[in-house]
$ cat structure_30.tsv   # TSV, C-alpha atoms
chain	number	residue	atom	x	y	z
N	1	ARG	CA	-44.82	54.77	-2.82
N	2	ARG	CA	-45.34	54.43	0.94
N	3	SER	CA	-42.26	56.51	1.78
N	4	ALA	CA	-43.17	59.29	-0.66
N	5	ALA	CA	-46.73	59.37	0.71
N	6	GLU	CA	-45.40	59.64	4.26
N	7	ALA	CA	-43.16	62.51	3.22
N	8	ARG	CA	-46.07	64.35	1.59
N	9	ALA	CA	-48.16	63.86	4.72
N	10	VAL	CA	-45.72	66.02	6.70
N	11	GLY	CA	-45.14	68.58	3.95
N	12	GLY	CA	-41.84	67.08	2.84
N	13	ARG	CA	-40.35	65.27	-0.13
N	14	ILE	CA	-37.84	62.50	-0.64
N	15	ALA	CA	-35.50	61.41	-3.41
N	16	CYS	CA	-35.39	57.78	-4.52
N	17	GLY	CA	-32.83	55.77	-6.44
N	18	VAL	CA	-33.67	54.66	-9.98
N	19	GLY	CA	-31.60	51.71	-11.15
N	20	THR	CA	-31.71	48.36	-12.90
N	21	ASP	CA	-31.46	46.00	-9.96
N	22	GLN	CA	-34.60	44.10	-11.00
N	23	ILE	CA	-32.43	42.47	-13.70
N	24	THR	CA	-28.99	40.86	-13.42
N	25	GLY	CA	-27.78	41.42	-16.98
N	26	GLY	CA	-29.31	41.86	-20.39
N	27	SER	CA	-29.00	43.89	-23.56
N	28	LEU	CA	-28.79	47.68	-23.64
N	29	ALA	CA	-32.48	47.78	-24.63
N	30	GLU	CA	-33.42	45.63	-21.61
N	31	ILE	CA	-31.27	47.78	-19.32
N	32	ARG	CA	-32.93	50.93	-20.62
N	33	ALA	CA	-36.36	49.37	-20.05
N	34	ALA	CA	-35.41	48.45	-16.49
N	35	TYR	CA	-34.37	52.05	-15.82
N	36	GLU	CA	-37.63	53.27	-17.36
N	37	GLU	CA	-39.72	51.00	-15.15
N	38	GLN	CA	-38.16	52.36	-11.98
N	39	LEU	CA	-38.15	55.97	-13.21
N	40	ALA	CA	-41.87	55.78	-13.93
N	41	LEU	CA	-42.64	54.45	-10.45
N	42	VAL	CA	-40.52	57.06	-8.67
N	43	GLU	CA	-42.03	59.92	-10.64
N	44	GLU	CA	-45.56	58.57	-10.17
N	45	SER	CA	-44.97	58.51	-6.40
N	46	GLY	CA	-44.00	62.18	-6.37
N	47	ALA	CA	-40.41	61.58	-5.30
N	48	GLN	CA	-37.35	63.04	-7.01
N	49	ALA	CA	-35.33	60.58	-9.09
N	50	ILE	CA	-31.66	59.79	-8.62
N	51	LEU	CA	-30.35	57.85	-11.63
N	52	MET	CA	-28.08	55.29	-9.99
N	53	ALA	CA	-25.05	53.71	-11.61
N	54	SER	CA	-26.01	50.32	-13.05
N	55	ARG	CA	-24.00	47.12	-12.74
N	56	ALA	CA	-25.84	45.74	-15.75
N	57	LEU	CA	-24.93	48.76	-17.85
N	58	ALA	CA	-21.29	48.58	-16.75
N	59	ALA	CA	-21.21	44.96	-17.94
N	60	ALA	CA	-23.05	45.50	-21.22
N	61	ALA	CA	-21.66	48.83	-22.43
N	62	SER	CA	-18.89	48.65	-25.01
N	63	GLY	CA	-17.84	52.29	-24.72
N	64	PRO	CA	-18.84	55.88	-23.93
N	65	GLU	CA	-21.41	55.95	-26.73
N	66	ASP	CA	-23.58	53.37	-24.96
N	67	TYR	CA	-23.69	55.52	-21.82
N	68	LEU	CA	-24.50	58.62	-23.84
N	69	ASP	CA	-27.34	56.77	-25.55
N	70	VAL	CA	-28.91	55.20	-22.43
N	71	TYR	CA	-28.64	58.28	-20.21
N	72	GLY	CA	-29.68	60.62	-23.02
N	73	HIS	CA	-32.82	58.55	-23.58
N	74	LEU	CA	-33.69	58.61	-19.86
N	75	LEU	CA	-33.06	62.35	-19.47
N	76	ARG	CA	-35.20	63.20	-22.50
N	77	GLN	CA	-38.20	61.45	-20.99
N	78	SER	CA	-37.76	62.41	-17.32
N	79	ALA	CA	-40.57	64.64	-16.10
N	80	GLU	CA	-38.36	66.68	-13.75
N	81	PRO	CA	-34.61	67.26	-13.29
N	82	VAL	CA	-32.84	64.23	-11.84
N	83	VAL	CA	-29.65	63.65	-9.89
N	84	LEU	CA	-26.96	61.62	-11.68
N	85	HIS	CA	-24.92	59.31	-9.46
N	86	TRP	CA	-21.31	58.35	-10.16
N	87	LEU	CA	-20.33	55.62	-7.72
N	88	GLY	CA	-16.68	54.64	-7.78
N	89	PRO	CA	-15.40	51.04	-7.78
N	90	MET	CA	-14.27	51.35	-4.15
N	91	PHE	CA	-17.97	51.29	-3.27
N	92	ASP	CA	-18.87	48.63	-5.86
N	93	PRO	CA	-16.14	46.82	-7.85
N	94	ALA	CA	-18.72	45.89	-10.49
N	95	LEU	CA	-18.87	49.57	-11.51
N	96	ALA	CA	-15.22	49.79	-12.59
N	97	GLY	CA	-14.85	51.58	-15.91
N	98	TYR	CA	-18.16	53.40	-15.62
N	99	TRP	CA	-18.89	56.01	-18.30
N	100	GLY	CA	-16.94	53.85	-20.73
N	101	SER	CA	-13.36	54.09	-19.48
N	102	ALA	CA	-11.11	53.10	-16.59
N	103	ASP	CA	-9.30	56.40	-17.18
N	104	LEU	CA	-11.08	58.79	-14.81
N	105	ASP	CA	-10.26	61.82	-16.94
N	106	ALA	CA	-11.88	60.22	-19.99
N	107	ALA	CA	-14.83	59.03	-17.88
N	108	THR	CA	-15.26	62.56	-16.54
N	109	ASP	CA	-15.43	63.97	-20.06
N	110	THR	CA	-18.20	61.51	-20.98
N	111	PHE	CA	-20.07	62.25	-17.75
N	112	LEU	CA	-19.94	65.99	-18.50
N	113	GLU	CA	-21.05	65.33	-22.09
N	114	VAL	CA	-24.19	63.61	-20.78
N	115	ILE	CA	-24.95	66.65	-18.60
N	116	ALA	CA	-24.13	69.23	-21.28
N	117	ALA	CA	-26.61	67.61	-23.67
N	118	HIS	CA	-29.49	67.94	-21.17
N	119	PRO	CA	-28.57	70.58	-18.52
N	120	ASP	CA	-32.25	71.41	-17.94
N	121	LYS	CA	-32.91	67.80	-16.92
N	122	VAL	CA	-30.03	67.50	-14.41
N	123	ASP	CA	-30.64	68.88	-10.92
N	124	GLY	CA	-27.15	67.84	-9.88
N	125	ILE	CA	-24.55	65.12	-9.67
N	126	LYS	CA	-23.68	62.86	-6.76
N	127	VAL	CA	-19.95	62.07	-6.85
N	128	SER	CA	-18.58	59.18	-4.77
N	129	LEU	CA	-14.95	58.82	-5.84
N	130	LEU	CA	-13.16	59.67	-2.54
N	131	ASP	CA	-10.91	62.15	-4.37
N	132	ALA	CA	-11.42	65.71	-3.14
N	133	GLN	CA	-9.42	67.49	-5.86
N	134	ARG	CA	-11.10	65.53	-8.63
N	135	GLU	CA	-14.49	66.47	-7.21
N	136	VAL	CA	-13.54	70.16	-7.04
N	137	ASP	CA	-12.25	70.08	-10.62
N	138	LEU	CA	-15.46	68.39	-11.79
N	139	ARG	CA	-17.61	70.79	-9.79
N	140	ARG	CA	-16.01	73.77	-11.52
N	141	ARG	CA	-16.81	72.33	-14.96
N	142	LEU	CA	-20.53	71.88	-14.35
N	143	PRO	CA	-23.04	73.98	-16.31
N	144	GLN	CA	-24.58	76.90	-14.45
N	145	GLY	CA	-27.37	75.70	-12.13
N	146	VAL	CA	-26.25	72.06	-11.90
N	147	ARG	CA	-25.40	71.20	-8.31
N	148	CYS	CA	-22.60	68.98	-7.04
N	149	TYR	CA	-23.60	66.66	-4.19
N	150	THR	CA	-20.57	65.25	-2.45
N	151	GLY	CA	-20.36	61.57	-1.64
N	152	ASP	CA	-16.77	61.88	-0.39
N	153	ASP	CA	-16.89	60.40	3.09
N	154	PHE	CA	-13.17	61.12	3.58
N	155	ASN	CA	-13.03	64.86	2.78
N	156	TYR	CA	-16.57	66.19	3.24
N	157	PRO	CA	-15.97	69.15	5.61
N	158	GLU	CA	-13.72	71.00	3.17
N	159	LEU	CA	-15.89	70.13	0.18
N	160	ILE	CA	-19.09	71.35	1.84
N	161	ALA	CA	-17.42	74.50	3.19
N	162	GLY	CA	-16.27	75.20	-0.36
N	163	ASP	CA	-14.07	77.94	-1.75
N	164	GLU	CA	-14.41	81.20	-3.64
N	165	GLN	CA	-15.56	79.31	-6.73
N	166	GLY	CA	-18.28	77.16	-5.17
N	167	PHE	CA	-19.09	74.31	-2.83
N	168	SER	CA	-20.55	70.81	-2.71
N	169	HIS	CA	-23.93	70.03	-1.22
N	170	ALA	CA	-24.03	67.20	1.32
N	171	LEU	CA	-25.44	63.81	0.31
N	172	LEU	CA	-23.37	61.46	2.43
N	173	GLY	CA	-23.61	58.02	3.96
N	174	ILE	CA	-21.77	59.25	7.06
N	175	PHE	CA	-24.51	61.82	7.69
N	176	ASP	CA	-26.71	58.90	8.78
N	177	PRO	CA	-24.79	58.12	12.01
N	178	LEU	CA	-23.78	61.79	12.43
N	179	GLY	CA	-27.43	62.93	12.23
N	180	PRO	CA	-28.02	65.68	14.81
N	181	LEU	CA	-24.36	66.72	14.89
N	182	ALA	CA	-24.25	67.16	11.12
N	183	ALA	CA	-27.54	69.09	11.17
N	184	GLU	CA	-26.14	71.49	13.77
N	185	ALA	CA	-22.96	71.96	11.74
N	186	VAL	CA	-24.97	72.84	8.62
N	187	ARG	CA	-27.09	75.30	10.61
N	188	VAL	CA	-23.89	77.00	11.76
N	189	LEU	CA	-22.60	77.13	8.19
N	190	ASP	CA	-25.87	78.77	7.10
N	191	THR	CA	-24.99	81.71	9.36
N	192	GLY	CA	-21.72	82.19	7.48
N	193	ASP	CA	-19.60	80.79	10.30
N	194	THR	CA	-17.32	78.50	8.31
N	195	ALA	CA	-14.86	78.12	11.19
N	196	GLY	CA	-17.65	77.04	13.52
N	197	PHE	CA	-18.88	74.56	10.92
N	198	ARG	CA	-15.42	73.06	10.54
N	199	GLY	CA	-15.01	72.99	14.31
N	200	LEU	CA	-18.07	70.77	14.61
N	201	LEU	CA	-17.55	68.57	11.56
N	202	ASP	CA	-13.77	68.11	11.33
N	203	PRO	CA	-13.62	65.90	14.47
N	204	THR	CA	-16.07	63.46	12.83
N	205	VAL	CA	-13.74	62.62	9.93
N	206	GLU	CA	-11.80	60.03	11.92
N	207	LEU	CA	-15.01	58.06	12.53
N	208	SER	CA	-16.04	58.39	8.89
N	209	ARG	CA	-12.69	57.19	7.57
N	210	HIS	CA	-12.85	54.29	10.00
N	211	LEU	CA	-16.33	53.21	8.84
N	212	PHE	CA	-15.43	53.65	5.16
N	213	GLN	CA	-12.01	52.02	5.29
N	214	THR	CA	-11.15	49.35	2.71
N	215	PRO	CA	-13.18	47.37	1.68
N	216	THR	CA	-15.26	50.55	1.50
N	217	ARG	CA	-18.37	48.74	0.30
N	218	PHE	CA	-18.82	47.32	3.83
N	219	TYR	CA	-19.39	50.75	5.36
N	220	LYS	CA	-23.08	49.92	5.79
N	221	THR	CA	-22.14	47.35	8.43
N	222	GLY	CA	-20.76	50.14	10.60
N	223	VAL	CA	-23.73	52.40	9.93
N	224	VAL	CA	-26.20	49.69	11.01
N	225	PHE	CA	-24.03	48.81	14.01
N	226	LEU	CA	-24.12	52.41	15.27
N	227	ALA	CA	-27.86	52.63	14.59
N	228	TRP	CA	-28.32	49.58	16.83
N	229	LEU	CA	-26.13	51.04	19.60
N	230	ALA	CA	-28.03	54.33	19.39
N	231	GLY	CA	-31.37	52.55	19.86
N	232	HIS	CA	-32.72	53.31	16.40
N	233	GLN	CA	-33.32	49.61	15.78
N	234	SER	CA	-33.77	46.60	18.00
N	235	HIS	CA	-31.23	44.27	16.37
N	236	PHE	CA	-27.90	44.11	14.56
N	237	THR	CA	-28.78	41.75	11.73
N	238	MET	CA	-28.31	42.47	8.03
N	239	VAL	CA	-29.35	40.89	4.76
N	240	GLY	CA	-26.79	38.34	3.59
N	241	GLY	CA	-25.14	38.20	7.00
N	242	LEU	CA	-23.33	41.48	6.37
N	243	GLN	CA	-23.23	42.20	10.09
N	244	SER	CA	-20.16	39.94	10.05
N	245	ALA	CA	-18.39	41.91	7.30
N	246	ARG	CA	-16.29	43.83	9.85
N	247	SER	CA	-14.16	42.57	12.71
N	248	LEU	CA	-14.76	42.95	16.44
N	249	PRO	CA	-11.83	45.39	16.80
N	250	HIS	CA	-13.43	47.47	14.03
N	251	PHE	CA	-16.72	47.58	15.97
N	252	ALA	CA	-14.94	48.43	19.22
N	253	ARG	CA	-13.13	51.37	17.64
N	254	ALA	CA	-16.33	52.59	15.98
N	255	TYR	CA	-18.05	52.51	19.38
N	256	GLU	CA	-15.22	54.50	21.01
N	257	LEU	CA	-15.15	57.13	18.28
N	258	ALA	CA	-18.95	57.56	18.16
N	259	ASP	CA	-19.15	57.77	21.95
N	260	GLY	CA	-16.41	60.39	21.97
N	261	LEU	CA	-18.47	62.50	19.57
N	262	GLY	CA	-21.56	62.19	21.77
N	263	LEU	CA	-23.59	60.44	19.08
N	264	PHE	CA	-25.52	58.10	21.36
N	265	PRO	CA	-28.84	59.49	22.68
N	266	ASP	CA	-28.66	56.94	25.53
N	267	PRO	CA	-25.00	56.17	26.36
N	268	LYS	CA	-26.00	53.49	28.88
N	269	LEU	CA	-28.02	51.62	26.24
N	270	ALA	CA	-25.07	51.83	23.85
N	271	GLU	CA	-22.73	50.51	26.54
N	272	ASP	CA	-25.05	47.62	27.39
N	273	ARG	CA	-25.40	46.63	23.74
N	274	MET	CA	-21.65	46.85	23.19
N	275	LYS	CA	-21.15	44.54	26.17
N	276	THR	CA	-23.70	42.13	24.66
N	277	LEU	CA	-21.71	42.03	21.43
N	278	LEU	CA	-18.44	41.48	23.29
N	279	ALA	CA	-20.00	38.62	25.24
N	280	LEU	CA	-21.28	37.07	22.01
N	281	TYR	CA	-17.70	37.06	20.72
N	282	GLY	CA	-16.47	35.45	23.95
N	283	VAL	CA	-14.69	38.51	25.31
N	284	ASN	CA	-14.51	38.43	29.12
N	285	GLN	CA	-15.39	41.74	30.83
$ encode --input "structure_30.tsv" --output "structure tokens"
Amino acid sequence: RRSAAEARAVGGRIACGVGTDQITGGSLAEIRAAYEEQLALVEESGAQAILMASRALAAAASGPEDYLDVYGHLLRQSAEPVVLHWLGPMFDPALAGYWGSADLDAATDTFLEVIAAHPDKVDGIKVSLLDAQREVDLRRRLPQGVRCYTGDDFNYPELIAGDEQGFSHALLGIFDPLGPLAAEAVRVLDTGDTAGFRGLLDPTVELSRHLFQTPTRFYKTGVVFLAWLAGHQSHFTMVGGLQSARSLPHFARAYELADGLGLFPDPKLAEDRMKTLLALYGVNQ
């Protein structure tokens, strides 16, 4: 509510995730009710809803029909078109077999069936499977007017640049640390200069693949680490101690790559904070 109000105050709008994380399990009816509770709050706040993949639903569903039923119910009652999120198991192992099958082709068919039943209620899909060709194939099968938002932090420049049959919109975790650089790249792309866009964004892929390396779900540790080095927050502490989810060599390489891209507004501050971290780990300088 506070975030949506802040966005409205400056003439903007935000999108918010709608999930079932207020429960840890439950029946399909309880899972649907949990979704409904969050959907109502997001819509009441004036934000756009993103229907997130649900761990509880992945555990409770017995097949594709359960996904069709739950998502169909939510889409029928949504006030405005929503974004559907398909998060692969590399980001969250608890979501393996989402859409009712571990076979990605079968899961894709169910996903598209959900959309085809309510195309007027789906603004777009957010795909986080780290498989560029699968995303392109899925993108080409979407109903007219349904957007594809890429969540592929390994292959995003080519997916955003697109081809003669379409492109993916950007909705990426890596665009957090890339911030101003990514914004400039998109501005260049808006002029029709695809080569200039790729020239700016292609060099960032090495950093992105580093931050999102296996176990991919720990990418947030790197994102928060770079936010701390950049001066966007005063500490490098995360819920559950996740600041320790990556190794010191991982942090050192992330620092080198980000610095090489010019991502730090104050390079001296970033250097001083990196030295503080090294000292904490007992590394002599």
$ residues_around --input "structure_30.tsv" --residues "Gly63 in chain N" --least-positions-apart "5" --cutoff "12 Å" --atoms "all atoms listed in the file" --output "MDAnalysis selection string"
chainID N and resid 28 57:58 68:70 97:102 106:107 110
$ residues_around --input "structure_30.tsv" --residues "Arg13 in chain N" --least-positions-apart "6" --cutoff "10 Å" --atoms "only C-alpha atoms" --output "list in words"
Ser3, Ala4, Ala5, Glu6, Ala7, Gly46, Ala47 and Gln48 of chain N
$ residues_around --input "structure_30.tsv" --residues "Leu248 in chain N" --least-positions-apart "2" --cutoff "9 Å" --atoms "all atoms listed in the file" --output "short mmCIF file (atom, residue, chain, number, x, y, z; two decimals) with C-alpha atoms, in the frame of the given file"
data_model
loop_
_atom_site.label_atom_id
_atom_site.label_comp_id
_atom_site.auth_asym_id
_atom_site.auth_seq_id
_atom_site.Cartn_x
_atom_site.Cartn_y
_atom_site.Cartn_z
CA SER N 244 -20.16 39.94 10.05
CA ARG N 246 -16.29 43.83 9.85
CA HIS N 250 -13.43 47.47 14.03
CA PHE N 251 -16.72 47.58 15.97
CA ALA N 252 -14.94 48.43 19.22
CA ARG N 253 -13.13 51.37 17.64
CA LEU N 277 -21.71 42.03 21.43
CA LEU N 278 -18.44 41.48 23.29
CA TYR N 281 -17.70 37.06 20.72
#
$ closest_atom_pairs --input "structure_30.tsv" --of "range 86-122 of chain N" --to "range 130-150 of chain N" --cutoff "7 Å" --atoms "all atoms listed in the file" --output "tab-separated table"
residue	atom	partner	partner_atom	distance
N:Ala116	CA	N:Pro143	CA	7.0
N:Pro119	CA	N:Pro143	CA	6.9
N:Val122	CA	N:Val146	CA	6.4
$ residues_around --input "structure_30.tsv" --residues "Ser128 in chain N" --least-positions-apart "3" --cutoff "9 Å" --atoms "all atoms listed in the file" --output "NGL selection string"
:N and (85-88 or 90-91 or 131 or 135 or 150-153 or 172)
$ closest_residue --input "structure_30.tsv" --among "N:Leu269, N:Leu159, N:Ala40, N:Leu171" --to "Glu80 in chain N" --atoms "only C-alpha atoms"
N:Ala40
$ residues_around --input "structure_30.tsv" --residues "Ala185 in chain N" --least-positions-apart "6" --cutoff "9 Å" --atoms "all atoms listed in the file" --output "MDAnalysis selection string"
chainID N and resid 196:201
$ closest_residue --input "structure_30.tsv" --among "N:Gly231, N:Val82, N:Phe264, N:Gly12" --to "Pro180 in chain N" --atoms "all atoms listed in the file"
N:Phe264
$ atom_distance --input "structure_30.tsv" --atom1 "CA of Leu242 in chain N" --atom2 "CA of Phe218 in chain N"
7.8 Å
$ closest_residue --input "structure_30.tsv" --among "N:Ala170, N:His232, N:Ala254, N:Ala96" --to "Arg209 in chain N" --atoms "all atoms listed in the file"
N:Ala254
$ atom_distance --input "structure_30.tsv" --atom1 "CA of Gly19 in chain N" --atom2 "CA of Ala53 in chain N"
6.9 Å
$ atom_distance --input "structure_30.tsv" --atom1 "CA of Leu229 in chain N" --atom2 "CA of Val283 in chain N"
17.9 Å
